[in-house]
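*Asks:* My structure is stored as query_34.tsv, with TSV, C-alpha atoms.
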chain	number	residue	atom	x	y	z
A	43	MET	CA	56.10	-12.58	3.39
A	44	ARG	CA	57.52	-9.15	2.72
A	45	ARG	CA	56.10	-6.30	0.69
A	46	THR	CA	58.06	-5.26	-2.39
A	47	ALA	CA	59.76	-1.95	-3.05
A	48	ALA	CA	56.87	-1.04	-5.33
A	49	THR	CA	54.46	-1.48	-2.48
A	50	LEU	CA	56.70	0.56	-0.18
A	51	ALA	CA	56.13	3.54	-2.40
A	52	THR	CA	52.50	3.50	-1.41
A	53	VAL	CA	52.65	2.48	2.24
A	54	ALA	CA	55.87	4.15	3.44
A	55	VAL	CA	57.33	1.16	5.27
A	56	LEU	CA	57.94	-2.50	4.58
A	57	LEU	CA	55.35	-4.70	6.25
A	58	VAL	CA	54.98	-8.41	6.75
A	59	ALA	CA	52.81	-11.25	8.05
A	60	GLY	CA	52.66	-14.90	8.92
A	61	CYS	CA	50.92	-18.42	9.26
A	62	SER	CA	48.61	-21.06	10.98
A	63	SER	CA	47.27	-24.62	11.33
A	64	SER	CA	44.51	-27.19	12.30
A	65	GLY	CA	43.82	-30.65	13.54
A	66	GLY	CA	42.38	-32.56	16.44
A	67	GLU	CA	44.79	-31.37	19.10
A	68	ASP	CA	43.90	-30.27	22.58
A	69	PRO	CA	42.58	-26.72	22.12
A	70	SER	CA	44.45	-25.45	25.16
A	71	PRO	CA	48.22	-24.96	25.06
A	72	GLY	CA	48.66	-27.43	27.94
A	73	PRO	CA	52.09	-28.45	29.21
A	74	SER	CA	55.14	-28.64	27.03
A	75	ALA	CA	54.55	-30.09	23.58
A	76	SER	CA	57.55	-32.43	23.95
A	77	ASP	CA	57.86	-35.70	25.81
A	78	ARG	CA	60.48	-36.52	28.45
A	79	ASN	CA	62.99	-37.45	25.74
A	80	GLY	CA	62.61	-34.06	24.07
A	81	ARG	CA	60.70	-35.41	21.08
A	82	PRO	CA	57.64	-33.39	20.09
A	83	ASP	CA	54.14	-34.66	20.63
A	84	ASP	CA	53.06	-34.96	16.99
A	85	ARG	CA	49.41	-34.83	17.98
A	86	LYS	CA	49.86	-31.15	18.75
A	87	VAL	CA	51.47	-30.21	15.44
A	88	SER	CA	49.63	-32.29	12.84
A	89	GLY	CA	46.91	-31.67	10.29
A	90	LEU	CA	47.32	-27.90	10.32
A	91	ARG	CA	44.93	-26.10	7.99
A	92	GLY	CA	45.85	-22.45	8.22
A	93	MET	CA	45.31	-19.00	6.78
A	94	THR	CA	47.09	-15.75	7.61
A	95	LEU	CA	45.18	-12.60	8.42
A	96	PRO	CA	47.91	-9.94	8.59
A	97	SER	CA	47.60	-6.45	10.00
A	98	TRP	CA	49.24	-3.33	8.64
A	99	ASN	CA	47.95	-0.74	11.12
A	100	THR	CA	47.43	-0.34	14.85
A	101	ASP	CA	43.68	-0.89	14.73
A	102	ASP	CA	43.25	-3.40	11.89
A	103	TYR	CA	42.36	-6.28	14.19
A	104	SER	CA	39.69	-4.13	15.84
A	105	ARG	CA	37.98	-3.14	12.58
A	106	PRO	CA	34.37	-4.12	11.86
A	107	GLN	CA	35.60	-6.30	8.97
A	108	ALA	CA	37.50	-8.60	11.35
A	109	GLU	CA	34.53	-10.79	12.24
A	110	THR	CA	33.48	-11.05	8.58
A	111	TYR	CA	36.95	-12.09	7.48
A	112	LEU	CA	37.12	-14.80	10.13
A	113	ARG	CA	33.74	-16.22	9.11
A	114	GLN	CA	34.87	-16.28	5.48
A	115	ILE	CA	38.11	-18.01	6.41
A	116	ALA	CA	36.27	-20.66	8.43
A	117	ALA	CA	33.88	-21.26	5.50
A	118	THR	CA	36.78	-22.53	3.35
A	119	GLY	CA	37.47	-25.39	5.77
A	120	THR	CA	40.41	-23.56	7.33
A	121	ARG	CA	40.74	-24.44	11.02
A	122	TRP	CA	43.56	-22.14	12.14
A	123	VAL	CA	44.32	-18.47	11.62
A	124	THR	CA	47.60	-16.65	12.21
A	125	PHE	CA	48.05	-13.08	13.44
A	126	THR	CA	51.24	-11.08	12.99
A	127	PRO	CA	52.04	-8.15	15.30
A	128	THR	CA	55.16	-6.43	13.96
A	129	TRP	CA	57.88	-4.28	15.54
A	130	TYR	CA	60.44	-2.33	13.55
A	131	GLN	CA	64.04	-1.21	13.47
A	132	ASP	CA	65.41	1.48	11.16
A	133	ARG	CA	68.58	-0.21	9.93
A	134	VAL	CA	69.82	-3.78	9.67
A	135	THR	CA	72.65	-2.96	12.08
A	136	ASP	CA	70.43	-1.51	14.85
A	137	SER	CA	70.41	-3.18	18.25
A	138	ALA	CA	66.75	-2.76	19.17
A	139	MET	CA	63.24	-2.81	17.74
A	140	ARG	CA	60.15	-0.80	18.67
A	141	THR	CA	56.45	-0.39	18.02
A	142	THR	CA	55.22	2.07	15.40
A	143	GLY	CA	51.84	3.16	14.06
A	144	GLU	CA	51.95	0.02	11.95
A	145	THR	CA	52.08	-2.32	14.97
A	146	ALA	CA	48.83	-4.05	15.93
A	147	SER	CA	47.85	-2.89	19.40
A	148	ASP	CA	47.72	-5.47	22.17
A	149	ASP	CA	44.02	-4.76	22.71
A	150	SER	CA	43.27	-5.35	19.02
A	151	LEU	CA	45.26	-8.59	19.09
A	152	ARG	CA	43.35	-9.82	22.14
A	153	HIS	CA	40.11	-8.83	20.40
A	154	ILE	CA	40.75	-10.79	17.23
A	155	ILE	CA	42.02	-13.86	19.10
A	156	ARG	CA	38.71	-13.86	20.99
A	157	LEU	CA	36.75	-13.45	17.73
A	158	ALA	CA	38.67	-16.31	16.12
A	159	HIS	CA	37.94	-18.62	19.03
A	160	ASP	CA	34.28	-17.61	18.88
A	161	ALA	CA	34.30	-18.57	15.18
A	162	GLY	CA	35.68	-22.03	16.03
A	163	LEU	CA	39.19	-21.28	14.79
A	164	LYS	CA	42.44	-22.07	16.54
A	165	THR	CA	45.09	-19.40	16.57
A	166	MET	CA	48.77	-18.83	16.11
A	167	VAL	CA	50.60	-15.65	17.03
A	168	LYS	CA	53.65	-15.05	14.85
A	169	PRO	CA	55.41	-11.81	15.80
A	170	HIS	CA	57.69	-10.18	13.24
A	171	VAL	CA	60.56	-7.72	13.13
A	172	ASP	CA	60.86	-5.54	10.03
A	173	LEU	CA	62.64	-2.46	8.73
A	174	THR	CA	61.03	0.99	8.61
A	175	LYS	CA	63.09	2.13	5.64
A	176	GLY	CA	62.67	-0.93	3.50
A	177	GLY	CA	64.86	-3.94	2.94
A	178	ASP	CA	64.85	-7.59	3.78
A	179	ARG	CA	64.53	-8.69	7.42
A	180	ALA	CA	66.84	-11.59	6.56
A	181	GLU	CA	69.62	-9.00	6.28
A	182	ILE	CA	69.31	-7.85	9.90
A	183	LYS	CA	72.83	-8.22	11.34
A	184	PRO	CA	73.11	-6.07	14.46
A	185	LYS	CA	76.46	-4.55	15.34
A	186	ASP	CA	75.83	-5.36	19.00
A	187	ARG	CA	74.40	-8.88	18.95
A	188	ASP	CA	74.07	-9.15	22.72
A	189	ALA	CA	72.03	-5.93	22.85
A	190	TRP	CA	69.87	-7.04	19.94
A	191	PHE	CA	69.08	-10.43	21.47
A	192	THR	CA	68.28	-8.76	24.79
A	193	ALA	CA	65.84	-6.44	23.02
A	194	TYR	CA	64.44	-9.31	20.96
A	195	GLY	CA	63.92	-11.33	24.12
A	196	ARG	CA	61.79	-8.53	25.62
A	197	PHE	CA	59.81	-8.24	22.40
A	198	ILE	CA	59.12	-11.93	21.89
A	199	THR	CA	58.38	-12.83	25.53
A	200	HIS	CA	55.85	-9.99	25.63
A	201	TYR	CA	53.87	-11.76	22.93
A	202	ALA	CA	54.50	-15.19	24.39
A	203	GLN	CA	52.82	-14.04	27.60
A	204	LEU	CA	49.95	-12.44	25.67
A	205	ALA	CA	49.53	-15.73	23.77
A	206	ALA	CA	49.48	-17.71	27.00
A	207	ASP	CA	47.00	-15.36	28.65
A	208	ASN	CA	44.59	-15.58	25.70
A	209	GLY	CA	44.63	-19.32	24.99
A	210	VAL	CA	46.61	-19.13	21.74
A	211	GLU	CA	47.25	-22.67	20.49
A	212	GLN	CA	50.64	-22.23	18.80
A	213	PHE	CA	53.42	-19.64	18.84
A	214	SER	CA	56.26	-18.70	16.50
A	215	VAL	CA	59.55	-17.56	18.02
A	216	GLY	CA	60.67	-15.69	14.88
A	217	THR	CA	60.44	-15.33	11.12
A	218	GLU	CA	63.07	-15.23	8.37
A	219	LEU	CA	65.81	-13.73	10.55
A	220	ALA	CA	68.59	-15.39	8.59
A	221	GLY	CA	71.13	-12.79	9.67
A	222	THR	CA	70.88	-14.02	13.26
A	223	SER	CA	69.41	-17.52	13.00
A	224	ARG	CA	72.75	-19.35	12.85
A	225	ASP	CA	73.46	-18.22	16.40
A	226	GLY	CA	72.23	-21.36	18.11
A	227	GLU	CA	73.44	-20.41	21.58
A	228	ARG	CA	71.64	-17.07	21.75
A	229	TRP	CA	68.51	-18.44	20.11
A	230	GLY	CA	68.53	-21.37	22.52
A	231	ARG	CA	68.49	-18.98	25.46
A	232	THR	CA	65.72	-16.95	23.83
A	233	ILE	CA	63.57	-20.05	23.28
A	234	ALA	CA	64.12	-21.15	26.88
A	235	ALA	CA	62.87	-17.74	28.04
A	236	ILE	CA	59.82	-18.04	25.81
A	237	ARG	CA	58.97	-21.43	27.31
A	238	GLU	CA	58.89	-19.82	30.75
A	239	HIS	CA	55.88	-17.81	29.54
A	240	TYR	CA	54.21	-20.06	26.98
A	241	LYS	CA	53.78	-23.85	27.32
A	242	GLY	CA	52.26	-24.74	23.95
A	243	PRO	CA	53.92	-25.83	20.68
A	244	LEU	CA	56.67	-23.59	19.31
A	245	THR	CA	57.99	-23.12	15.80
A	246	TYR	CA	60.28	-20.78	13.89
A	247	ALA	CA	59.43	-19.68	10.33
A	248	ALA	CA	62.58	-20.14	8.26
A	249	ASN	CA	62.70	-19.00	4.68
A	250	TYR	CA	62.89	-21.86	2.17
A	251	ASP	CA	66.59	-21.15	1.57
A	252	GLU	CA	67.36	-20.80	5.31
A	253	TYR	CA	65.86	-23.83	7.05
A	254	GLN	CA	68.81	-26.20	6.58
A	255	LYS	CA	71.13	-23.74	8.36
A	256	ILE	CA	69.08	-23.44	11.57
A	257	PRO	CA	70.94	-24.96	14.57
A	258	PHE	CA	68.07	-24.83	17.08
A	259	TRP	CA	65.33	-27.05	15.64
A	260	LYS	CA	65.93	-29.42	18.56
A	261	ASP	CA	64.64	-26.69	20.89
A	262	LEU	CA	61.32	-26.39	19.04
A	263	ASP	CA	58.32	-28.64	18.46
A	264	VAL	CA	57.85	-28.30	14.71
A	265	ILE	CA	60.04	-27.09	11.84
A	266	GLY	CA	58.53	-24.05	10.16
A	267	ILE	CA	59.32	-23.18	6.54
A	268	ASP	CA	58.07	-20.31	4.40
A	269	ALA	CA	57.65	-22.38	1.27
A	270	TYR	CA	58.26	-19.98	-1.60
A	271	TRP	CA	60.25	-22.32	-3.84
A	272	PRO	CA	60.08	-21.34	-7.53
A	273	LEU	CA	58.35	-24.17	-9.37
A	274	ALA	CA	58.59	-23.14	-13.02
A	275	ASP	CA	60.76	-21.11	-15.38
A	276	LYS	CA	57.75	-19.64	-17.16
A	277	ALA	CA	54.07	-19.11	-16.45
A	278	THR	CA	51.98	-22.27	-16.35
A	279	THR	CA	48.51	-23.42	-15.32
A	280	ASP	CA	49.51	-27.10	-15.50
A	281	ALA	CA	48.95	-28.41	-11.97
A	282	ALA	CA	50.50	-31.79	-12.85
A	283	ARG	CA	53.68	-30.12	-14.04
A	284	LEU	CA	53.83	-28.06	-10.86
A	285	ARG	CA	53.30	-31.16	-8.76
A	286	ASP	CA	56.24	-32.79	-10.53
A	287	ALA	CA	58.35	-29.75	-9.67
A	288	TRP	CA	57.63	-30.38	-5.98
A	289	ARG	CA	58.94	-33.97	-6.08
A	290	PRO	CA	62.64	-33.33	-5.40
A	291	ILE	CA	61.67	-30.83	-2.71
A	292	VAL	CA	59.36	-33.40	-1.11
A	293	ASP	CA	62.22	-35.89	-1.00
A	294	GLU	CA	64.58	-33.30	0.47
A	295	LEU	CA	62.08	-32.31	3.17
A	296	ALA	CA	61.22	-35.90	4.07
A	297	ALA	CA	64.90	-36.64	4.69
A	298	PHE	CA	65.36	-33.45	6.70
A	299	SER	CA	62.33	-34.18	8.87
A	300	ASP	CA	63.69	-37.66	9.56
A	301	ARG	CA	67.09	-36.31	10.59
A	302	GLN	CA	65.60	-33.67	12.87
A	303	HIS	CA	62.87	-35.89	14.36
A	304	ARG	CA	60.40	-33.06	13.76
A	305	LYS	CA	57.43	-32.60	11.48
A	306	ILE	CA	57.51	-29.77	8.96
A	307	LEU	CA	54.88	-27.04	8.85
A	308	PHE	CA	54.68	-24.59	5.97
A	309	THR	CA	54.41	-21.48	8.11
A	310	GLU	CA	53.77	-19.59	4.89
A	311	ALA	CA	52.93	-20.55	1.33
A	312	GLY	CA	51.16	-18.47	-1.24
A	313	TYR	CA	50.86	-17.19	-4.78
A	314	VAL	CA	49.67	-13.89	-6.18
A	315	SER	CA	46.99	-14.12	-8.85
A	316	GLN	CA	49.38	-12.81	-11.50
A	317	ARG	CA	50.74	-14.53	-14.57
A	318	GLY	CA	54.09	-16.06	-13.70
A	319	THR	CA	53.52	-16.39	-9.96
A	320	THR	CA	54.89	-19.93	-9.92
A	321	THR	CA	58.25	-18.63	-11.17
A	322	ALA	CA	58.64	-16.38	-8.10
A	323	PRO	CA	56.05	-17.15	-5.42
A	324	TYR	CA	57.71	-14.69	-3.01
A	325	SER	CA	57.09	-11.72	-5.33
A	326	TRP	CA	54.16	-9.32	-4.98
A	327	THR	CA	54.75	-7.93	-8.48
A	328	VAL	CA	55.49	-10.70	-10.94
A	329	SER	CA	53.37	-9.03	-13.62
A	330	LYS	CA	50.30	-6.88	-14.16
A	331	ARG	CA	48.45	-9.66	-15.98
A	332	ASP	CA	45.71	-11.69	-14.35
A	333	GLY	CA	46.83	-15.12	-13.18
A	334	GLU	CA	43.93	-16.59	-11.23
A	335	ALA	CA	44.18	-19.91	-13.07
A	336	GLU	CA	47.91	-20.15	-12.32
A	337	GLN	CA	47.29	-19.34	-8.65
A	338	ALA	CA	44.66	-22.08	-8.44
A	339	ALA	CA	46.94	-24.58	-10.17
A	340	ALA	CA	49.69	-23.79	-7.67
A	341	TYR	CA	47.32	-24.38	-4.74
A	342	GLU	CA	46.24	-27.69	-6.26
A	343	ALA	CA	49.82	-28.80	-6.87
A	344	LEU	CA	50.93	-28.09	-3.31
A	345	PHE	CA	48.02	-29.99	-1.82
A	346	ALA	CA	48.49	-32.92	-4.19
A	347	ALA	CA	52.25	-33.09	-3.55
A	348	PHE	CA	52.11	-33.03	0.26
A	349	ASP	CA	48.73	-34.38	1.32
A	350	GLY	CA	49.09	-37.57	3.34
A	351	LYS	CA	52.83	-37.24	3.92
A	352	PRO	CA	53.23	-38.38	7.56
A	353	TRP	CA	56.03	-35.88	8.27
A	354	TRP	CA	54.13	-32.87	6.91
A	355	ALA	CA	52.26	-30.86	9.56
A	356	GLY	CA	50.26	-28.76	7.09
A	357	VAL	CA	50.25	-25.32	5.54
A	358	CYS	CA	49.46	-21.75	6.48
A	359	TRP	CA	48.38	-19.91	3.36
A	360	TRP	CA	49.42	-16.35	2.76
A	361	MET	CA	46.95	-14.53	2.88
A	362	TRP	CA	43.26	-13.57	3.25
A	363	ASP	CA	41.70	-10.26	2.23
A	364	ASP	CA	43.52	-7.07	3.11
A	365	TRP	CA	42.03	-4.32	5.21
A	366	PRO	CA	40.35	-1.35	3.49
A	367	ASP	CA	42.71	1.50	2.55
A	368	SER	CA	45.79	-0.57	3.39
A	369	GLY	CA	47.60	0.36	0.20
A	370	GLU	CA	47.97	-3.32	-0.70
A	371	THR	CA	48.10	-4.75	-4.21
A	372	ALA	CA	44.71	-4.70	-5.93
A	373	LYS	CA	42.67	-7.71	-4.81
A	374	ARG	CA	42.45	-9.18	-8.31
A	375	LEU	CA	46.26	-9.42	-8.41
A	376	ALA	CA	47.00	-10.05	-4.73
A	377	TYR	CA	47.79	-13.16	-2.69
A	378	THR	CA	44.26	-13.60	-1.40
A	379	PRO	CA	42.37	-16.62	-2.79
A	380	HIS	CA	39.05	-15.06	-1.73
A	381	GLY	CA	36.52	-14.99	-4.56
A	382	LYS	CA	38.95	-16.67	-6.96
A	383	PRO	CA	39.36	-20.23	-8.30
A	384	ALA	CA	41.98	-20.87	-5.58
A	385	GLU	CA	39.25	-20.55	-2.95
A	386	LYS	CA	37.43	-23.42	-4.64
A	387	VAL	CA	40.63	-25.48	-4.40
A	388	LEU	CA	40.78	-24.73	-0.67
A	389	LYS	CA	37.21	-25.88	-0.21
A	390	LYS	CA	37.86	-28.99	-2.29
A	391	TRP	CA	40.75	-30.09	-0.07
A	392	TRP	CA	39.57	-28.76	3.28
A	393	GLY	CA	35.86	-28.05	3.13
A	394	GLU	CA	34.58	-31.26	1.63
A	395	ARG	CA	36.33	-33.77	3.92
So that I can check it, write out the structure of this file as structure tokens.

*Replies:*
Amino acid sequence: MRRTAATLATVAVLLVAGCSSSGGEDPSPGPSASDRNGRPDDRKVSGLRGMTLPSWNTDDYSRPQAETYLRQIAATGTRWVTFTPTWYQDRVTDSAMRTTGETASDDSLRHIIRLAHDAGLKTMVKPHVDLTKGGDRAEIKPKDRDAWFTAYGRFITHYAQLAADNGVEQFSVGTELAGTSRDGERWGRTIAAIREHYKGPLTYAANYDEYQKIPFWKDLDVIGIDAYWPLADKATTDAARLRDAWRPIVDELAAFSDRQHRKILFTEAGYVSQRGTTTAPYSWTVSKRDGEAEQAAAYEALFAAFDGKPWWAGVCWWMWDDWPDSGETAKRLAYTPHGKPAEKVLKKWWGER
């Protein structure tokens, strides 16, 4: 999920974050998540109950609030939490990315992974690349593709090794990089390099309008989709209507999963608590009017539409509380379900089973 231009005015750069999961899998990454025929071991990518805890600053994951947030997340019935260290490039045509003051430090990332495990949560690390001057990461189209993929390989294998060293249970090889994601050959080499460092399940988080164009799903263990499909043409709190809107998408995803021989994980899904959020789930600024009931209805509809589907690996909700002084949207209008009716929906589906 990306911050909007309105948010950029208050935080100076575009920032992002990612996903997670749950289930009864082996808590250690173990050997490759695929069998000898290259088909994934579904036991490692099923029943994922996830929440994202993003970071916007170097020390967020080391803050005193970190332990509190993780306890709150676990109390909803969530079993996985995703962390999102982010590197940046200035322009979409640049050939390299770098850390900035907005990048979570390695020490803070190790710290929060340890805290999550102590809280009984499994973890996913989902590194991101974003743009310092605003814009959509999907528009990254480097002039020198070889140089960019070389730089990306250094970036992503750094985190793959950190994930392996700290017992992270799942890893994402990229997020919403539609400007490069059709390059199956280069991505295939990148994924092979990642597997030299990290032996657990791998995914890629494709935007909902990108996933059908990805040529390298066969190299991964689970299909990741950031599930921000618009579900309505006007504001609604009718969960049944929203569930009906999911039906053609459910059919489309079931067929795609069957063709790819991979389960589908919603690496992101979320709704701001603003009126009209179901018309544009990807937007931070749909309106300035409270929409807690619409947010809750959207949570209910997603669970009702996908629960029990054998090809669906689960969902990683975007997102839990933001860090103090982050410049994020006011909590009452933000993506967090914490303290809102949507949190009760989470507990209904995850906490009472």

*Asks:* Neighbours of Arg301 (chain A) within 12 Å (all atoms listed in the file; same-chain residues fewer than 4 positions away dropped), as a compact mmCIF listing (two decimals) with C-alpha atoms, in the frame of the given file?

*Replies:*
# COMPACT_ATOMS: atom_id res chain seq x y z
CA GLN A 254 68.81 -26.20 6.58
CA TRP A 259 65.33 -27.05 15.64
CA LYS A 260 65.93 -29.42 18.56
CA ILE A 265 60.04 -27.09 11.84
CA GLU A 294 64.58 -33.30 0.47
CA LEU A 295 62.08 -32.31 3.17
CA ALA A 296 61.22 -35.90 4.07
CA ALA A 297 64.90 -36.64 4.69
CA LYS A 305 57.43 -32.60 11.48
CA ILE A 306 57.51 -29.77 8.96
CA TRP A 353 56.03 -35.88 8.27

*Asks:* Kindly indicate which residue among A:Ser150, A:Leu273, A:Lys183, A:Thr124 lies nearest to Val210 (chain A), using all atoms listed in the file for the distances.

*Replies:*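 When distances to Val210 (chain A) are compared using all atoms listed in the file, the smallest one comes from A:Thr124.
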
*Asks:* Tell me which of A:Arg317, A:Asp188, A:Thr217, A:Arg91 sits closest to Gly119 (chain A), counting all atoms listed in the file.

*Replies:* A:Arg91

*Asks:* Given 5 Å of margin on each side, can you work out the centre and size in Å (one decimal) of an axis-aligned box holding every listed atom of region 311-320 of chain A, as AutoDock Vina command-line options?

*Replies:*
--center_x 50.9 --center_y -16.7 --center_z -6.6 --size_x 17.9 --size_y 17.7 --size_z 25.9

*Asks:* With 12 Å as the threshold, what does the neighbourhood of (55.5, -19.4, 16.5) contain in terms of residues, counting all atoms listed in the file? Coordinates are those of the file; answer as JSON, numbers by chain.

*Replies:* {"A": [60, 61, 62, 63, 87, 124, 125, 126, 127, 165, 166, 167, 168, 169, 170, 198, 199, 201, 202, 205, 210, 211, 212, 213, 214, 215, 216, 217, 218, 233, 236, 237, 240, 241, 242, 243, 244, 245, 246, 247, 248, 262, 263, 264, 265, 266, 267, 307, 308, 309, 310, 358]}

*Asks:* Using only C-alpha atoms, which of the listed residues (A:Ala346, A:Glu252, A:Trp365, A:His200) sits closest to Asp286 (chain A)?

*Replies:*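 That would be A:Ala346, the residue with the smallest distance to Asp286 (chain A).
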
*Asks:* As an NGL selection string, please: the residues near Pro323 (chain A) (cut-off 8 Å, all atoms listed in the file, same-chain neighbours under 3 positions excluded).

*Replies:* :A and (270-272 or 312-314 or 319-320)

*Asks:* Since we have the selection now, will you write its residues out, keeping C-alpha atoms, as a compact mmCIF listing (two decimals), in the coordinates of the input?

*Replies:*
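Contents of result_29.txt, as written:
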# COMPACT_ATOMS: atom_id res chain seq x y z
CA TYR A 270 58.26 -19.98 -1.60
CA TRP A 271 60.25 -22.32 -3.84
CA PRO A 272 60.08 -21.34 -7.53
CA GLY A 312 51.16 -18.47 -1.24
CA TYR A 313 50.86 -17.19 -4.78
CA VAL A 314 49.67 -13.89 -6.18
CA THR A 319 53.52 -16.39 -9.96
CA THR A 320 54.89 -19.93 -9.92

*Asks:* Which residue gives the smallest distance to Ala180 (chain A) among A:Ser315, A:Thr141, A:Thr120, A:Thr222, with all atoms listed in the file counted?

*Replies:*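 Nearest candidate to Ala180 (chain A) out of A:Ser315, A:Thr141, A:Thr120, A:Thr222: A:Thr222.
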
*Asks:* Hey, can you check how far CA of Asp102 (chain A) sits from CA of Leu151 (chain A)?

*Replies:* 9.1 Å

*Asks:* Around (45.1, -21.7, -9.6), as given in the file, which residues come within 9 Å? Count all atoms listed in the file and list them as a ChimeraX atom specification.

*Replies:* /A:279,281,313,315,333-343,379,382-385,387

*Asks:* Please compute the CA of Leu157 (chain A)-CA of Leu204 (chain A) distance, one decimal, in Å.

*Replies:*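 Computing it gives 15.4 Å between the two atoms.
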
*Asks:* Counting only C-alpha atoms, figure out which residue out of A:Gly195, A:Pro366, A:Gly177, A:Gly393 gets nearest to Asn99 (chain A).

*Replies:*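 Among the listed residues, the smallest separation from Asn99 (chain A) belongs to A:Pro366.
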
*Asks:* Pick from A:Asp261, A:Arg331, A:Asp280, A:Asp268: nearest to Gln302 (chain A), with all atoms listed in the file counted?

*Replies:*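 The shortest atom-to-atom distance to Gln302 (chain A) comes from A:Asp261.
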
*Asks:* How many Å lie between CA of Ser329 (chain A) and CA of Ala282 (chain A), rounded to one decimal?

*Replies:*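 Separation of CA of Ser329 (chain A) and CA of Ala282 (chain A): 23.0 Å.
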
*Asks:* Reconstruct region 205-223 of chain A at the level of N, CA and C atoms, and format the result as a tab-separated table (two decimals), in the coordinates of the input.

*Replies:*
chain	number	residue	atom	x	y	z
A	205	ALA	N	50.07	-14.50	24.36
A	205	ALA	CA	49.53	-15.73	23.77
A	205	ALA	C	49.05	-16.68	24.86
A	206	ALA	N	49.86	-16.83	25.90
A	206	ALA	CA	49.48	-17.71	27.00
A	206	ALA	C	48.22	-17.22	27.70
A	207	ASP	N	48.13	-15.92	27.93
A	207	ASP	CA	47.00	-15.36	28.65
A	207	ASP	C	45.69	-15.46	27.87
A	208	ASN	N	45.79	-15.60	26.55
A	208	ASN	CA	44.59	-15.58	25.70
A	208	ASN	C	44.32	-16.91	25.00
A	209	GLY	N	44.95	-17.98	25.49
A	209	GLY	CA	44.63	-19.32	24.99
A	209	GLY	C	45.06	-19.59	23.57
A	210	VAL	N	46.10	-18.90	23.09
A	210	VAL	CA	46.61	-19.13	21.74
A	210	VAL	C	47.21	-20.54	21.66
A	211	GLU	N	46.90	-21.25	20.57
A	211	GLU	CA	47.25	-22.67	20.49
A	211	GLU	C	48.63	-22.98	19.92
A	212	GLN	N	49.28	-22.01	19.30
A	212	GLN	CA	50.64	-22.23	18.80
A	212	GLN	C	51.33	-20.88	18.69
A	213	PHE	N	52.66	-20.89	18.80
A	213	PHE	CA	53.42	-19.64	18.84
A	213	PHE	C	54.68	-19.79	18.02
A	214	SER	N	55.02	-18.73	17.28
A	214	SER	CA	56.26	-18.70	16.50
A	214	SER	C	57.28	-17.82	17.19
A	215	VAL	N	58.50	-18.30	17.31
A	215	VAL	CA	59.55	-17.56	18.02
A	215	VAL	C	60.28	-16.57	17.11
A	216	GLY	N	60.02	-16.62	15.80
A	216	GLY	CA	60.67	-15.69	14.88
A	216	GLY	C	60.37	-16.04	13.44
A	217	THR	N	60.73	-15.13	12.54
A	217	THR	CA	60.44	-15.33	11.12
A	217	THR	C	61.55	-14.76	10.25
A	218	GLU	N	62.16	-15.62	9.45
A	218	GLU	CA	63.07	-15.23	8.37
A	218	GLU	C	64.19	-14.29	8.84
A	219	LEU	N	64.72	-14.55	10.01
A	219	LEU	CA	65.81	-13.73	10.55
A	219	LEU	C	67.15	-14.40	10.27
A	220	ALA	N	67.42	-14.61	8.99
A	220	ALA	CA	68.59	-15.39	8.59
A	220	ALA	C	69.90	-14.75	9.02
A	221	GLY	N	69.92	-13.45	9.23
A	221	GLY	CA	71.13	-12.79	9.67
A	221	GLY	C	71.52	-13.09	11.10
A	222	THR	N	70.59	-13.66	11.86
A	222	THR	CA	70.88	-14.02	13.26
A	222	THR	C	70.62	-15.50	13.55
A	223	SER	N	69.93	-16.19	12.66
A	223	SER	CA	69.41	-17.52	13.00
A	223	SER	C	70.46	-18.62	13.08
